[in-house]
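Heads up, model-v6.cif below (mmCIF, C-alpha atoms):
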```cif
data_query
#
loop_
_atom_site.group_PDB
_atom_site.id
_atom_site.type_symbol
_atom_site.label_atom_id
_atom_site.label_comp_id
_atom_site.auth_asym_id
_atom_site.auth_seq_id
_atom_site.Cartn_x
_atom_site.Cartn_y
_atom_site.Cartn_z
ATOM 1 C CA MET A 1392 6.039 5.521 14.824
ATOM 2 C CA THR A 1393 7.175 2.021 13.983
ATOM 3 C CA TYR A 1394 7.067 -0.075 10.834
ATOM 4 C CA ARG A 1395 4.650 -2.418 12.611
ATOM 5 C CA GLU A 1396 2.227 0.464 13.316
ATOM 6 C CA PHE A 1397 2.195 1.491 9.656
ATOM 7 C CA VAL A 1398 1.571 -2.072 8.445
ATOM 8 C CA ARG A 1399 -1.252 -2.424 10.951
ATOM 9 C CA THR A 1400 -2.787 0.870 9.764
ATOM 10 C CA PHE A 1401 -2.861 -0.261 6.131
ATOM 11 C CA GLU A 1402 -4.324 -3.597 7.207
ATOM 12 C CA ILE A 1403 -7.127 -1.832 9.101
ATOM 13 C CA ILE A 1404 -7.798 0.529 6.177
ATOM 14 C CA SER A 1405 -8.046 -2.504 3.895
ATOM 15 C CA ARG A 1406 -10.340 -4.427 6.251
ATOM 16 C CA ASN A 1407 -12.674 -1.437 6.699
ATOM 17 C CA HIS A 1408 -12.999 -0.636 2.988
ATOM 18 C CA SER A 1409 -16.120 -2.317 1.620
ATOM 19 C CA GLN A 1410 -14.636 -2.976 -1.846
ATOM 20 C CA LEU A 1411 -11.269 -4.401 -0.775
ATOM 21 C CA GLN A 1412 -11.452 -8.146 -0.204
ATOM 22 C CA SER A 1413 -7.969 -8.906 1.115
ATOM 23 C CA PHE A 1414 -4.693 -7.476 2.403
ATOM 24 C CA SER A 1415 -1.192 -8.873 1.996
ATOM 25 C CA ARG A 1416 2.289 -7.546 2.548
ATOM 26 C CA GLY A 1417 5.803 -8.435 1.491
ATOM 27 C CA THR A 1418 7.994 -7.996 -1.536
ATOM 28 C CA MET A 1419 6.422 -8.134 -4.981
ATOM 29 C CA ASP A 1420 8.177 -11.389 -5.870
ATOM 30 C CA GLU A 1421 6.306 -12.994 -2.947
ATOM 31 C CA VAL A 1422 2.874 -12.323 -4.485
ATOM 32 C CA ASP A 1423 1.439 -15.614 -5.707
ATOM 33 C CA ILE A 1424 -1.554 -14.595 -7.790
ATOM 34 C CA ASN A 1425 -2.314 -18.213 -8.671
ATOM 35 C CA LYS A 1426 -3.022 -19.011 -4.999
ATOM 36 C CA LYS A 1427 -5.558 -16.192 -4.653
ATOM 37 C CA ASN A 1428 -9.234 -16.990 -5.021
ATOM 38 C CA LEU A 1429 -11.522 -14.790 -7.062
ATOM 39 C CA GLY A 1430 -13.073 -13.683 -3.750
ATOM 40 C CA ASP A 1431 -9.705 -12.159 -2.709
ATOM 41 C CA PHE A 1432 -10.009 -9.414 -5.363
ATOM 42 C CA PRO A 1433 -9.663 -6.490 -5.394
ATOM 43 C CA PHE A 1434 -6.803 -6.494 -2.882
ATOM 44 C CA LEU A 1435 -4.380 -4.095 -1.228
ATOM 45 C CA TYR A 1436 -0.766 -5.195 -1.257
ATOM 46 C CA LEU A 1437 1.852 -3.404 0.846
ATOM 47 C CA SER A 1438 5.496 -3.761 -0.191
ATOM 48 C CA PRO A 1439 8.123 -2.167 2.059
ATOM 49 C CA GLN A 1440 10.645 0.086 0.335
ATOM 50 C CA PRO A 1441 13.933 1.511 1.658
ATOM 51 C CA ALA A 1442 13.687 3.747 4.732
ATOM 52 C CA SER A 1443 15.793 6.860 5.235
ATOM 53 C CA VAL A 1444 17.158 7.851 8.662
ATOM 54 C CA ASP A 1445 18.257 11.414 9.330
ATOM 55 C CA ILE A 1446 19.305 13.221 12.510
ATOM 56 C CA GLN A 1447 15.774 14.092 13.654
ATOM 57 C CA THR A 1448 13.569 12.113 11.236
ATOM 58 C CA ILE A 1449 12.964 8.724 9.691
ATOM 59 C CA THR A 1450 11.161 8.383 6.368
ATOM 60 C CA TYR A 1451 9.366 5.112 5.717
ATOM 61 C CA SER A 1452 8.450 4.206 2.148
ATOM 62 C CA PHE A 1453 5.721 1.741 1.240
ATOM 63 C CA GLU A 1454 4.575 0.741 -2.221
ATOM 64 C CA ILE A 1455 0.816 0.267 -2.104
ATOM 65 C CA ILE A 1456 -0.842 -1.729 -4.849
ATOM 66 C CA ILE A 1457 -4.569 -1.914 -5.443
ATOM 67 C CA ALA A 1458 -5.321 -4.679 -7.944
ATOM 68 C CA ASP A 1459 -8.179 -6.650 -9.442
ATOM 69 C CA GLN A 1460 -8.418 -9.411 -12.045
ATOM 70 C CA THR A 1461 -10.165 -9.236 -15.390
ATOM 71 C CA GLN A 1462 -10.648 -11.789 -18.148
ATOM 72 C CA ILE A 1463 -7.906 -12.599 -20.655
ATOM 73 C CA ALA A 1464 -7.664 -10.257 -23.646
ATOM 74 C CA ASN A 1465 -9.358 -12.324 -26.363
ATOM 75 C CA VAL A 1466 -12.430 -12.878 -24.180
ATOM 76 C CA GLU A 1467 -12.437 -9.262 -23.054
ATOM 77 C CA ASP A 1468 -12.476 -7.827 -26.576
ATOM 78 C CA SER A 1469 -15.887 -9.386 -27.150
ATOM 79 C CA SER A 1470 -17.282 -7.897 -23.939
ATOM 80 C CA LYS A 1471 -17.045 -4.188 -24.763
ATOM 81 C CA ASP A 1472 -19.900 -2.012 -23.619
ATOM 82 C CA THR A 1473 -21.880 0.386 -25.830
ATOM 83 C CA LEU A 1474 -19.086 2.984 -25.615
ATOM 84 C CA GLY A 1475 -16.461 0.420 -26.640
ATOM 85 C CA LEU A 1476 -14.940 0.251 -23.144
ATOM 86 C CA THR A 1477 -13.655 -3.030 -21.777
ATOM 87 C CA PRO A 1478 -13.702 -4.516 -18.267
ATOM 88 C CA ARG A 1479 -10.043 -3.440 -17.922
ATOM 89 C CA VAL A 1480 -11.085 0.206 -18.259
ATOM 90 C CA ASP A 1481 -13.698 -0.353 -15.537
ATOM 91 C CA ALA A 1482 -11.128 -2.094 -13.331
ATOM 92 C CA HIS A 1483 -8.650 0.763 -13.750
ATOM 93 C CA SER A 1484 -11.389 3.240 -12.922
ATOM 94 C CA TYR A 1485 -12.601 1.679 -9.682
ATOM 95 C CA THR A 1486 -9.144 0.589 -8.456
ATOM 96 C CA LEU A 1487 -7.980 4.209 -8.844
ATOM 97 C CA ASN A 1488 -10.983 5.296 -6.772
ATOM 98 C CA ILE A 1489 -10.039 2.738 -4.113
ATOM 99 C CA MET A 1490 -6.444 4.068 -4.092
ATOM 100 C CA ARG A 1491 -7.807 7.579 -3.566
ATOM 101 C CA ASP A 1492 -9.858 6.213 -0.645
ATOM 102 C CA VAL A 1493 -6.736 4.612 0.856
ATOM 103 C CA VAL A 1494 -4.834 7.913 0.597
ATOM 104 C CA ALA A 1495 -7.721 9.776 2.265
ATOM 105 C CA ASN A 1496 -7.980 7.174 5.048
ATOM 106 C CA PHE A 1497 -4.243 7.228 5.674
ATOM 107 C CA ARG A 1498 -4.220 11.046 5.785
ATOM 108 C CA GLN A 1499 -7.107 10.948 8.274
ATOM 109 C CA ASN A 1500 -5.165 8.518 10.467
ATOM 110 C CA ILE A 1501 -2.089 10.751 10.600
ATOM 111 C CA GLN A 1502 -4.230 13.745 11.542
ATOM 112 C CA ASN A 1503 -5.290 11.981 14.755
ATOM 113 C CA GLY A 1504 -3.738 12.965 18.089
ATOM 114 C CA SER A 1505 -0.996 10.384 18.651
ATOM 115 C CA TRP A 1506 0.229 10.587 15.059
ATOM 116 C CA VAL A 1507 0.300 14.395 15.140
ATOM 117 C CA ASP A 1508 2.293 14.210 18.379
ATOM 118 C CA ALA A 1509 4.784 11.912 16.641
ATOM 119 C CA GLY A 1510 5.213 14.415 13.805
ATOM 120 C CA VAL A 1511 3.969 12.027 11.102
ATOM 121 C CA GLU A 1512 3.672 13.583 7.641
ATOM 122 C CA LEU A 1513 2.628 12.024 4.330
ATOM 123 C CA GLU A 1514 4.513 13.367 1.327
ATOM 124 C CA LEU A 1515 2.060 14.849 -1.161
ATOM 125 C CA PRO A 1516 1.498 15.042 -4.030
ATOM 126 C CA MET A 1517 2.186 11.395 -4.858
ATOM 127 C CA SER A 1518 2.270 9.712 -8.242
ATOM 128 C CA ILE A 1519 -0.151 6.852 -8.793
ATOM 129 C CA THR A 1520 0.856 4.567 -11.656
ATOM 130 C CA PRO A 1521 -1.473 2.246 -13.606
ATOM 131 C CA PHE A 1522 -0.387 -1.292 -14.456
ATOM 132 C CA GLU A 1523 -1.549 -4.455 -16.186
ATOM 133 C CA ALA A 1524 0.127 -7.817 -15.646
ATOM 134 C CA ARG A 1525 -0.707 -11.071 -17.401
ATOM 135 C CA PHE A 1526 -1.222 -14.161 -15.285
ATOM 136 C CA SER A 1527 -3.980 -16.711 -15.989
ATOM 137 C CA ASN A 1528 -6.160 -13.597 -16.085
ATOM 138 C CA ILE A 1529 -5.066 -9.985 -16.340
ATOM 139 C CA LEU A 1530 -4.180 -8.218 -13.108
ATOM 140 C CA VAL A 1531 -5.167 -4.551 -13.377
ATOM 141 C CA GLY A 1532 -4.733 -1.692 -10.950
ATOM 142 C CA TRP A 1533 -2.607 1.110 -9.594
ATOM 143 C CA SER A 1534 0.492 1.462 -7.456
ATOM 144 C CA ALA A 1535 1.736 4.373 -5.373
ATOM 145 C CA VAL A 1536 4.672 4.963 -3.085
ATOM 146 C CA PHE A 1537 3.697 6.387 0.294
ATOM 147 C CA ASN A 1538 6.631 8.319 1.792
ATOM 148 C CA VAL A 1539 5.911 8.972 5.457
ATOM 149 C CA THR A 1540 8.234 11.074 7.601
ATOM 150 C CA CYS A 1541 8.251 10.819 11.405
ATOM 151 C CA GLN A 1542 10.243 12.290 14.240
ATOM 152 C CA ASN A 1543 13.271 10.169 15.055
ATOM 153 C CA THR A 1544 15.193 10.719 18.247
ATOM 154 C CA ASN A 1545 18.755 9.605 17.698
ATOM 155 C CA ASN A 1546 19.631 9.409 21.366
ATOM 156 C CA LEU A 1547 22.318 6.999 22.509
ATOM 157 C CA CYS A 1548 20.735 6.985 25.976
ATOM 158 C CA ASP A 1549 17.708 5.202 24.492
ATOM 159 C CA VAL A 1550 19.762 2.379 22.935
ATOM 160 C CA PRO A 1551 19.425 -0.937 24.819
ATOM 161 C CA GLN A 1552 23.085 -1.672 25.446
ATOM 162 C CA ILE A 1553 25.514 -2.364 28.268
ATOM 163 C CA PHE A 1554 28.593 -0.224 28.661
ATOM 164 C CA ASN A 1555 31.675 -2.154 29.808
ATOM 165 C CA ASP A 1556 34.645 -0.147 31.051
ATOM 166 C CA GLY A 1557 37.871 -1.049 29.286
ATOM 167 C CA GLU A 1558 36.419 -3.795 27.123
#
```
Kindly present the structure from the file in structure tokens form.
Amino acid sequence: MTYREFVRTFEIISRNHSQLQSFSRGTMDEVDINKKNLGDFPFLYLSPQPASVDIQTITYSFEIIIADQTQIANVEDSSKDTLGLTPRVDAHSYTLNIMRDVVANFRQNIQNGSWVDAGVELELPMSITPFEARFSNILVGWSAVFNVTCQNTNNLCDVPQIFNDGE
């Protein structure tokens, strides 16, 4: 399996999920929250992490972030419901449910024929970490690192190179 195939899979999962409004990928310092419209939330963000190559396997790592925006804190405090819960609690609740959906969808994808043949395995259990970040509004959600191991044939015969005698 290739990096491109994994990115494409997360993009498709995001597009097919009825609550996710957008998909982006890159490093976290490339996220420009101020350029996102309210209609882009909640979103799935894929950030590549270091890969690990072994003799027979390659392990890809992807940080997946599911995030939504809520109002700034002083406005939010006045909008508590009858149980005293704020919109941030709601946002954490449904973004965690979306993350669980993404995990289930990804697991379903790797249980399909071509992925099984490629020996793709998702490392479970995985930790899912809540976060809040202050921008013009508060960004709320969860992040998880997906570690995915695949077969990796380290075969010099497959390397696209030219052998020159004596040079």
What separation in Å, quoted to one decimal, exists between CA of Ala1535 in chain A and CA of Glu1523 in chain A?
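Taking CA of Ala1535 in chain A and CA of Glu1523 in chain A, their separation equals 14.3 Å.
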Ground truth for the PyMOL selection byres ((chain A and resi 1534) around 6), written as a short mmCIF file (atom, residue, chain, number, x, y, z; two decimals) with C-alpha atoms, keeping the file's coordinate frame:
```cif
data_model
loop_
_atom_site.label_atom_id
_atom_site.label_comp_id
_atom_site.auth_asym_id
_atom_site.auth_seq_id
_atom_site.Cartn_x
_atom_site.Cartn_y
_atom_site.Cartn_z
CA ILE A 1455 0.82 0.27 -2.10
CA ILE A 1456 -0.84 -1.73 -4.85
CA ILE A 1519 -0.15 6.85 -8.79
CA THR A 1520 0.86 4.57 -11.66
CA TRP A 1533 -2.61 1.11 -9.59
CA ALA A 1535 1.74 4.37 -5.37
#
```
Can you list, as a list in words, the residues that the PyMOL selection byres ((chain A and resi 1412) around 9) selects here?
Ser1405, Arg1406, His1408, Ser1409, Gln1410, Leu1411, Ser1413, Phe1414, Gly1430, Asp1431, Phe1432, Pro1433, Phe1434 and Leu1435 of chain A
In terms of all atoms listed in the file, the residue from A:Phe1453, A:Phe1537, A:Phe1522, A:Phe1401 at minimal distance from Ser1438 in chain A is A:Phe1453
Explicit residues for the PyMOL selection byres ((chain A and resi 1511-1516) around 9) (as a PyMOL selection string):
chain A and resi 1392+1497-1498+1501-1502+1506-1510+1517-1518+1537-1542
Go through A:Ala1524, A:Leu1530, A:Ile1404, A:Val1536 and flag the residue nearest Glu1454 in chain A, using all atoms listed in the file for the distances.
A:Val1536
Report, in Å to a single decimal, how far apart CA of Asn1543 in chain A and CA of Gly1504 in chain A are.
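It comes out at 17.5 Å.
Pairwise distance (CA of Gln1460 in chain A, CA of Ile1489 in chain A) equals 14.6 Å.
In this comparison, which uses only C-alpha atoms, the residue of A:Ile1457, A:Val1444, A:Ile1449, A:Val1531 approaching Arg1491 in chain A most closely is A:Ile1457.
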The centre and edge lengths of an axis-aligned box containing all atoms of range 1505-1512 of chain A present in the file, extended by 8 Å on each side, are to be given in Å to one decimal, as lines of an AutoDock Vina configuration file.
```
center_x = 2.1
center_y = 12.4
center_z = 13.1
size_x = 22.2
size_y = 20.0
size_z = 27.0
```
